[in-house]
Amino acid sequence: MSEILYRDYSLKESTRAFIRLNQFVKPTAIQQQVIPLAVKGKDIIGISATGTGKTHAFLIPIMERVDPNKDCVQAVITVPTRELAIQLYERSKLMQEADSKLRVRLISGGREKSKMNESLKVQPHIVIGTPGRIRDLFLNEQTLLLQNVDILVVDEADMTLEFGFLEDIDVVASRMSKDLQMMSFSATIPEELKPFLKKYMTQPTVVNVAKDEQFQPQIEHVLVPCRPLDYAHKVLELLPTFHPYVCLIFANTRKEAAQMAQLMRDSGYGVIELHGDLTPRERTRSMKQLMQLDRSYVVATDIAARGIDIDGVSHVISMGFPKETEYYIHRSGRTGRSGKSGVCYALYQDQDEPLIKALQKHGIEFHHRQLKQGKWVDLNEKNAKRMKKEDPMAAEIGKIVNRRKQKVKPGYKIKRRQEVEKLRRKAKRAMIQKDIQRQKKERAKARQIEKRGDRS
């Protein structure tokens, strides 16, 4: 079977210009299957991960079908977060470059509503935005006119459902054209999503490229014990050991992400931050930096980074494990794509052990390693367990338990148990004192970081 190239498609000149501007030659697996159907107006359920080329699987058919000579909104693309909306809008700018008559508008939170209303005095042909703000401008402000829309794309549909935005899309879609073509794209199709898709789709074609070998991650998972350092300072210890194209660092909370980014800046690293505590202006700036890839390090939370396509991630660092196995898989899966290999360093502490075991049951093979004097040392399973569970009093207790039992006196077992308990209490007191000192140091460092932030 001959190879399919973009030049083989029968498309109008402006669509071909858009493809040329993107420097595309050969469509990806999902593009090969979706584009011919979408151009014909078919309803489509696309199942694919970030990085498989799904964005242009719907942008190219929209470019082909929208008529710039009609002064009305003809296509709407919804995404669940501002960051995703910004990223998608930045990619759509080449559509306007390919056809100067085409108008594309970004409609999302974090932007002045008055300015958006003003810009809508001339209706766009294509709208890209978040469900809540689109609903607001359509139904409440009545400045965005969507009643003639005949193409609706729900991108990252599973995340849209998870974040509770499906109702907004339902209300908007019910007031669009009766001949509405709907395309839905997501990594999975949860059961709760199916009634919504059934309501608006007519005999949809399911395109599943989630298992396309071309996009299967090739990842080495490295377990790195954190003790005696905290996650942030362990990250600083790791960074000099490799030179990434892009290193994506995941924190479990917004606060941890902000502190990690500041600590890296203080250490001379250029960092892009991506988390919910950023101002709208900061979020926009971070997304532009991501599009331009002018930093090698990105510090993010799971929610902020979900669905965002960051090109060329060679390394991932997980600052501890998230609560759900699914989130770790999302984190590590950002690297090792398109036939390239990647490394995910998973920093762990004792409390992470249950989730590590759960991931191992899912088939993830971890390699235990530790940094010693700037060099990696492999830890076998026995050594790794010892590092996590080593009892500081083990040697002393061993002497008591294994003592020669010559001239055994009545009650020796009770006496031996009392001696062991005494040693354990001593070890516990020492451990508590050590933890108190550690917390004092962490608080002092946090205060120093806050002072630096106030001065900057």
# chains A, B, ... in the order shown; residues from 1 in each chain; ligands from 1

$ residues_around --residues "segment 373-377 of chain A" --least-positions-apart "5" --cutoff "10 Å" --atoms "only C-alpha atoms" --output "ChimeraX atom specification"
/A:224,237-238,240-241,368

$ residues_around --residues "Val73 of chain A" --least-positions-apart "3" --cutoff "9 Å" --atoms "only C-alpha atoms" --output "number ranges by chain"
A: 70, 76, 123-127, 144-150

$ write_last_selection --atoms "C-alpha atoms" --output "mmCIF file, in the first residue's frame"
data_model
loop_
_atom_site.group_PDB
_atom_site.id
_atom_site.type_symbol
_atom_site.label_atom_id
_atom_site.label_comp_id
_atom_site.auth_asym_id
_atom_site.auth_seq_id
_atom_site.Cartn_x
_atom_site.Cartn_y
_atom_site.Cartn_z
ATOM 1 C CA LYS A 70 -20.070 34.491 5.298
ATOM 2 C CA VAL A 76 -16.664 26.449 17.672
ATOM 3 C CA GLN A 123 -18.436 38.166 14.317
ATOM 4 C CA PRO A 124 -15.546 35.706 13.861
ATOM 5 C CA HIS A 125 -15.762 32.665 11.610
ATOM 6 C CA ILE A 126 -14.111 30.364 14.162
ATOM 7 C CA VAL A 127 -14.293 30.548 17.964
ATOM 8 C CA LEU A 144 -21.390 36.078 20.498
ATOM 9 C CA LEU A 145 -23.888 34.726 17.967
ATOM 10 C CA LEU A 146 -23.710 30.944 17.653
ATOM 11 C CA GLN A 147 -27.136 29.982 16.325
ATOM 12 C CA ASN A 148 -25.746 29.286 12.824
ATOM 13 C CA VAL A 149 -22.784 27.188 13.959
ATOM 14 C CA ASP A 150 -22.685 23.845 12.158
#

$ closest_residue --among "A:Ser314, A:Asn252, A:Thr202, A:Gln181" --to "Ala75 of chain A" --atoms "only C-alpha atoms"
A:Gln181

$ closest_residue --among "A:Cys72, A:Val154, A:Leu88, A:Ala17" --to "Val122 of chain A" --atoms "only C-alpha atoms"
A:Cys72

$ residues_around --residues "Pro244 of chain A" --least-positions-apart "4" --cutoff "9 Å" --atoms "only C-alpha atoms" --output "PyMOL selection string"
chain A and resi 296-297+313-315

$ residues_around --residues "Phe366 of chain A" --least-positions-apart "5" --cutoff "10 Å" --atoms "only C-alpha atoms" --output "PyMOL selection string"
chain A and resi 220-224+344-346+356+359-360

$ write_last_selection --atoms "C-alpha atoms" --output "short mmCIF file (atom, residue, chain, number, x, y, z; two decimals), in the first residue's frame"
data_model
loop_
_atom_site.label_atom_id
_atom_site.label_comp_id
_atom_site.auth_asym_id
_atom_site.auth_seq_id
_atom_site.Cartn_x
_atom_site.Cartn_y
_atom_site.Cartn_z
CA GLU A 220 12.84 4.57 31.61
CA HIS A 221 11.27 4.91 35.08
CA VAL A 222 13.85 5.68 37.78
CA LEU A 223 12.91 5.55 41.47
CA VAL A 224 15.05 7.97 43.49
CA CYS A 344 11.10 9.85 34.29
CA TYR A 345 12.76 10.38 37.67
CA ALA A 346 10.22 9.54 40.38
CA ILE A 356 4.60 2.45 43.64
CA LEU A 359 2.01 1.07 39.38
CA GLN A 360 4.21 -2.03 39.30
#

$ closest_residue --among "A:Ser119, A:Gln218, A:Thr55, A:Ser92" --to "Val153 of chain A" --atoms "only C-alpha atoms"
A:Thr55
